[in-house]
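**Q** File query.cif follows (mmCIF, C-alpha atoms):
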data_my_file
#
loop_
_atom_site.label_atom_id
_atom_site.label_comp_id
_atom_site.auth_asym_id
_atom_site.auth_seq_id
_atom_site.Cartn_x
_atom_site.Cartn_y
_atom_site.Cartn_z
CA MET A 1 -24.87 -25.61 11.33
CA ARG A 2 -21.54 -25.32 9.53
CA ILE A 3 -20.12 -21.84 8.95
CA GLY A 4 -16.80 -21.05 7.38
CA GLN A 5 -14.71 -19.25 4.87
CA ARG A 6 -16.54 -21.00 2.05
CA GLY A 7 -19.74 -19.45 3.32
CA THR A 8 -23.28 -19.39 2.05
CA GLN A 9 -24.36 -17.07 -0.73
CA THR A 10 -27.88 -15.68 -0.60
CA ARG A 11 -30.01 -13.41 -2.74
CA LEU A 12 -29.25 -9.70 -2.79
CA TRP A 13 -31.31 -6.64 -3.60
CA ALA A 14 -30.08 -5.04 -6.81
CA ARG A 15 -31.33 -2.83 -9.60
CA LYS A 16 -33.36 -4.62 -12.21
CA GLY A 17 -31.16 -5.74 -15.07
CA THR A 18 -27.92 -5.76 -13.04
CA ARG A 19 -25.93 -8.69 -11.68
CA PRO A 20 -24.50 -7.93 -8.24
CA ARG A 21 -21.15 -9.49 -7.42
CA VAL A 22 -20.41 -11.27 -4.15
CA VAL A 23 -16.96 -12.31 -2.98
CA ARG A 24 -16.60 -15.98 -2.09
CA GLN A 25 -13.52 -17.28 -0.35
CA GLN A 26 -11.83 -20.50 -1.32
CA GLN A 27 -10.19 -21.28 2.05
CA SER A 28 -11.90 -23.85 4.20
CA GLU A 29 -11.65 -23.05 7.91
CA LEU A 30 -14.93 -23.97 9.59
CA ALA A 31 -16.85 -23.73 12.84
CA TYR A 32 -20.03 -25.52 13.82
CA VAL A 33 -22.96 -24.08 15.75
CA PHE A 34 -24.76 -26.59 17.95
CA GLY A 35 -28.04 -25.13 19.10
CA ALA A 36 -31.30 -26.12 20.74
CA VAL A 37 -34.40 -23.96 21.12
CA CYS A 38 -37.43 -24.13 23.40
CA PRO A 39 -40.39 -22.36 21.76
CA GLN A 40 -42.51 -22.72 24.91
CA LEU A 41 -40.00 -20.81 27.07
CA ASP A 42 -38.67 -18.70 24.17
CA SER A 43 -35.14 -19.69 25.14
CA ALA A 44 -32.11 -21.33 23.56
CA VAL A 45 -28.77 -22.97 24.27
CA GLY A 46 -25.93 -22.81 21.78
CA LEU A 47 -22.27 -23.69 21.45
CA VAL A 48 -19.76 -22.94 18.70
CA MET A 49 -17.37 -25.85 18.24
CA PRO A 50 -14.38 -26.52 15.95
CA HIS A 51 -15.70 -29.96 14.90
CA ALA A 52 -19.03 -31.73 14.44
CA ASN A 53 -18.49 -35.09 16.08
CA THR A 54 -19.59 -37.23 19.01
CA LYS A 55 -17.43 -35.34 21.51
CA ALA A 56 -18.83 -31.95 20.43
CA MET A 57 -22.38 -33.33 20.56
CA GLY A 58 -21.68 -34.59 24.08
CA HIS A 59 -20.67 -31.06 25.14
CA HIS A 60 -23.86 -29.72 23.57
CA LEU A 61 -26.02 -32.26 25.41
CA GLN A 62 -24.25 -31.40 28.68
CA ALA A 63 -24.94 -27.67 28.17
CA LEU A 64 -28.56 -28.41 27.29
CA SER A 65 -29.01 -30.67 30.31
CA GLU A 66 -27.70 -27.93 32.59
CA ALA A 67 -30.09 -25.39 31.01
CA VAL A 68 -33.25 -27.50 31.42
CA PRO A 69 -35.16 -26.15 34.44
CA ALA A 70 -35.49 -28.49 37.44
CA GLY A 71 -38.48 -30.77 37.13
CA ARG A 72 -38.69 -30.33 33.33
CA HIS A 73 -37.70 -32.67 30.51
CA ALA A 74 -36.36 -31.68 27.08
CA VAL A 75 -37.04 -33.51 23.83
CA LEU A 76 -34.27 -32.76 21.35
CA VAL A 77 -35.32 -33.19 17.72
CA LEU A 78 -32.39 -34.39 15.59
CA ASP A 79 -31.66 -35.37 12.03
CA ARG A 80 -29.67 -38.53 11.41
CA ALA A 81 -26.16 -37.10 11.34
CA GLY A 82 -23.61 -39.64 12.57
CA TRP A 83 -22.85 -37.70 15.75
CA HIS A 84 -26.58 -37.61 16.58
CA THR A 85 -27.16 -41.37 16.26
CA THR A 86 -24.08 -42.93 17.82
CA PRO A 87 -24.60 -45.02 20.97
CA LYS A 88 -21.44 -43.37 22.36
CA LEU A 89 -23.39 -40.18 23.21
CA PRO A 90 -23.72 -39.49 26.92
CA GLN A 91 -27.22 -40.04 28.32
CA PHE A 92 -28.97 -37.44 30.48
CA SER A 93 -32.06 -38.15 32.57
CA ASN A 94 -33.68 -34.83 31.60
CA ILE A 95 -33.18 -35.12 27.81
CA SER A 96 -34.76 -37.48 25.28
CA LEU A 97 -33.49 -37.63 21.70
CA LEU A 98 -36.12 -37.78 18.94
CA LEU A 99 -34.60 -38.84 15.62
CA LEU A 100 -36.43 -37.63 12.54
CA PRO A 101 -36.98 -39.79 9.48
CA ALA A 102 -34.16 -39.53 6.95
CA GLY A 103 -34.47 -36.64 4.50
CA SER A 104 -37.05 -34.66 6.46
CA PRO A 105 -35.38 -31.42 7.60
CA GLU A 106 -38.70 -29.57 7.36
CA PHE A 107 -39.80 -31.34 10.57
CA ASN A 108 -36.89 -29.87 12.54
CA PRO A 109 -37.72 -26.38 13.86
CA ALA A 110 -34.00 -25.63 14.32
CA GLU A 111 -33.61 -25.60 10.54
CA GLN A 112 -35.56 -22.32 10.56
CA VAL A 113 -33.05 -20.89 13.02
CA TRP A 114 -30.09 -21.90 10.82
CA GLN A 115 -31.76 -20.29 7.81
CA GLN A 116 -32.36 -17.04 9.73
CA LEU A 117 -28.77 -16.92 11.00
CA ARG A 118 -27.36 -17.45 7.52
CA GLU A 119 -29.66 -14.99 5.77
CA ARG A 120 -29.45 -12.17 8.32
CA HIS A 121 -25.96 -12.47 9.73
CA LEU A 122 -23.60 -14.98 8.16
CA ALA A 123 -24.13 -15.13 4.38
CA ASN A 124 -22.12 -13.22 1.77
CA ARG A 125 -19.21 -12.62 4.14
CA CYS A 126 -15.48 -13.22 4.15
CA TYR A 127 -13.54 -14.19 7.27
CA ASP A 128 -9.87 -13.69 8.06
CA GLY A 129 -9.63 -16.87 10.12
CA TYR A 130 -11.19 -19.24 12.61
CA GLU A 131 -11.47 -16.71 15.45
CA GLN A 132 -13.42 -14.31 13.24
CA ILE A 133 -15.75 -17.15 12.20
CA VAL A 134 -16.39 -18.03 15.86
CA ASP A 135 -17.03 -14.38 16.73
CA ALA A 136 -19.48 -14.02 13.83
CA CYS A 137 -21.33 -17.19 14.87
CA CYS A 138 -21.57 -16.06 18.49
CA ASP A 139 -22.75 -12.58 17.47
CA ALA A 140 -25.38 -14.05 15.14
CA TRP A 141 -26.64 -16.55 17.75
CA ASN A 142 -26.79 -13.91 20.49
CA ALA A 143 -28.53 -11.38 18.25
CA PHE A 144 -31.19 -13.91 17.25
CA THR A 145 -31.83 -15.30 20.73
CA GLN A 146 -32.17 -11.83 22.26
CA ILE A 147 -35.11 -10.84 20.03
CA PRO A 148 -38.20 -11.27 22.25
CA GLY A 149 -40.56 -13.85 20.79
CA ALA A 150 -38.30 -14.79 17.85
CA ILE A 151 -37.78 -18.38 18.94
CA ARG A 152 -41.44 -18.88 19.84
CA SER A 153 -42.75 -17.50 16.55
CA LEU A 154 -40.17 -19.20 14.32
CA CYS A 155 -39.97 -22.62 15.97
CA SER A 156 -43.45 -23.37 17.34
CA ARG A 157 -45.26 -26.21 15.61
CA SER A 158 -48.96 -26.88 16.20
CA TRP A 159 -48.47 -30.57 15.37
CA ALA A 160 -45.85 -30.86 18.14
CA VAL A 161 -48.28 -29.44 20.69
CA LEU A 162 -50.97 -31.85 19.52
CA LEU A 163 -48.52 -34.74 19.62
CA SER A 164 -47.35 -33.93 23.16
CA ALA A 165 -50.95 -33.49 24.35
CA SER A 166 -51.92 -36.91 22.98
CA VAL A 167 -48.87 -38.56 24.54
CA ILE A 168 -49.67 -37.06 27.97
CA SER A 169 -53.35 -38.09 27.93
#
So that I can check it, write out the structure of this file as structure tokens.

**A**
Amino acid sequence: MRIGQRGTQTRLWARKGTRPRVVRQQQSELAYVFGAVCPQLDSAVGLVMPHANTKAMGHHLQALSEAVPAGRHAVLVLDRAGWHTTPKLPQFSNISLLLLPAGSPEFNPAEQVWQQLRERHLANRCYDGYEQIVDACCDAWNAFTQIPGAIRSLCSRSWAVLLSASVIS
């Protein structure tokens, strides 16, 4: 998820018949949140990086690999961003990458997380610089992941459980 000084604008509560004003910056410093969630364990791993590229994705995969419990295997659902599909990504024995069909973000449970973070913590804000953007991203990620049951309820998909059950049998 990209967050920066040209942030996201979302709906606001306002009196009927009024038009609320929201400040929007024109600078373009950015940070990227790389995150993975496990609905079954209600847990998550996230990194805030200055760039979205193969090197940053490699760091994310390393952090995810270290977080996967011994004897378990993670399936990471990804869209087709260039840094997700490159053969230059490091391979980990406890992670499999599942690439979604092009143009199907609704199949990726993490999209729900990004929407929650933007709507509840990161939208309609102005930042003084990169460090403040990183702090806001970390605060938003930590606040979301510390809500008991939030990941499980937001990211569970019955079709994924059915799919995994049919693959195992």

**Q** Tell me which residues the PyMOL selection byres ((chain A and resi 102) around 12) grabs here, as JSON, numbers by chain.

**A** {"A": [78, 79, 80, 81, 82, 85, 99, 100, 101, 103, 104, 105, 106, 107, 108]}

**Q** Could you write out as a list in words the residues that the PyMOL selection byres ((chain A and resi 30) around 8) matches in the shown file?

**A**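 Evaluating the PyMOL selection byres ((chain A and resi 30) around 8) on this file yields Arg2, Ile3, Gly4, Gln5, Ser28, Glu29, Ala31, Tyr32, Pro50, Tyr130 and Ile133 of chain A.
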
**Q** By how many Å are atom CA of Val48 of chain A and atom CA of Leu122 of chain A apart?

**A**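 Between atom CA of Val48 of chain A and atom CA of Leu122 of chain A the gap works out to 13.8 Å.
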
**Q** List the residues sitting within 12 Å of (-33.3, -23.3, 12.7) in the file's frame, using only C-alpha atoms, as a VMD selection string.

**A** chain A and resid 1 33 to 39 44 46 77 to 78 105 to 119 141 144 to 145 150 to 156

**Q** What is the atom CA of Met57 of chain A to atom CA of His73 of chain A distance in Å?

**A**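 Those two atoms sit 18.3 Å apart.
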
**Q** Just say which residues the PyMOL selection byres ((chain A and resi 54) around 10) picks in this file, as JSON, numbers by chain.

**A** {"A": [51, 52, 53, 55, 56, 57, 58, 59, 60, 82, 83, 84, 85, 86, 87, 88, 89, 90]}

**Q** Please output segment 63-84 of chain A, rebuilt to include N, CA and C atoms, as a CSV table (one decimal), in the coordinates of the input.

**A**
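Here's the written file result_36.csv:
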chain,number,residue,atom,x,y,z
A,63,ALA,N,-24.5,-29.1,28.0
A,63,ALA,CA,-24.9,-27.7,28.2
A,63,ALA,C,-26.5,-27.6,28.2
A,64,LEU,N,-27.1,-28.4,27.3
A,64,LEU,CA,-28.6,-28.4,27.3
A,64,LEU,C,-29.1,-29.0,28.6
A,65,SER,N,-28.6,-30.1,29.1
A,65,SER,CA,-29.0,-30.7,30.3
A,65,SER,C,-28.9,-29.7,31.5
A,66,GLU,N,-27.9,-28.9,31.5
A,66,GLU,CA,-27.7,-27.9,32.6
A,66,GLU,C,-28.7,-26.8,32.5
A,67,ALA,N,-29.2,-26.5,31.2
A,67,ALA,CA,-30.1,-25.4,31.0
A,67,ALA,C,-31.6,-25.8,31.2
A,68,VAL,N,-31.9,-27.1,31.2
A,68,VAL,CA,-33.2,-27.5,31.4
A,68,VAL,C,-33.6,-27.2,32.9
A,69,PRO,N,-34.7,-26.5,33.1
A,69,PRO,CA,-35.2,-26.2,34.4
A,69,PRO,C,-35.5,-27.4,35.3
A,70,ALA,N,-35.2,-27.3,36.5
A,70,ALA,CA,-35.5,-28.5,37.4
A,70,ALA,C,-36.9,-28.9,37.3
A,71,GLY,N,-37.1,-30.2,37.3
A,71,GLY,CA,-38.5,-30.8,37.1
A,71,GLY,C,-39.0,-30.8,35.7
A,72,ARG,N,-38.3,-30.3,34.7
A,72,ARG,CA,-38.7,-30.3,33.3
A,72,ARG,C,-37.9,-31.4,32.6
A,73,HIS,N,-38.4,-31.7,31.4
A,73,HIS,CA,-37.7,-32.7,30.5
A,73,HIS,C,-37.7,-32.1,29.1
A,74,ALA,N,-36.5,-32.2,28.4
A,74,ALA,CA,-36.4,-31.7,27.1
A,74,ALA,C,-36.4,-32.8,26.1
A,75,VAL,N,-37.1,-32.6,25.0
A,75,VAL,CA,-37.0,-33.5,23.8
A,75,VAL,C,-36.3,-32.8,22.7
A,76,LEU,N,-35.1,-33.4,22.4
A,76,LEU,CA,-34.3,-32.8,21.4
A,76,LEU,C,-34.5,-33.4,20.0
A,77,VAL,N,-35.0,-32.7,19.1
A,77,VAL,CA,-35.3,-33.2,17.7
A,77,VAL,C,-34.0,-33.1,16.9
A,78,LEU,N,-33.7,-34.3,16.3
A,78,LEU,CA,-32.4,-34.4,15.6
A,78,LEU,C,-32.6,-35.0,14.2
A,79,ASP,N,-31.7,-34.6,13.3
A,79,ASP,CA,-31.7,-35.4,12.0
A,79,ASP,C,-30.8,-36.6,12.3
A,80,ARG,N,-30.4,-37.3,11.2
A,80,ARG,CA,-29.7,-38.5,11.4
A,80,ARG,C,-28.2,-38.4,11.1
A,81,ALA,N,-27.6,-37.3,11.5
A,81,ALA,CA,-26.2,-37.1,11.3
A,81,ALA,C,-25.5,-38.1,12.2
A,82,GLY,N,-24.3,-38.6,11.8
A,82,GLY,CA,-23.6,-39.6,12.6
A,82,GLY,C,-23.4,-39.3,14.0
A,83,TRP,N,-23.1,-38.1,14.4
A,83,TRP,CA,-22.8,-37.7,15.8
A,83,TRP,C,-24.1,-37.6,16.5
A,84,HIS,N,-25.3,-37.6,15.9
A,84,HIS,CA,-26.6,-37.6,16.6
A,84,HIS,C,-27.0,-39.0,16.9
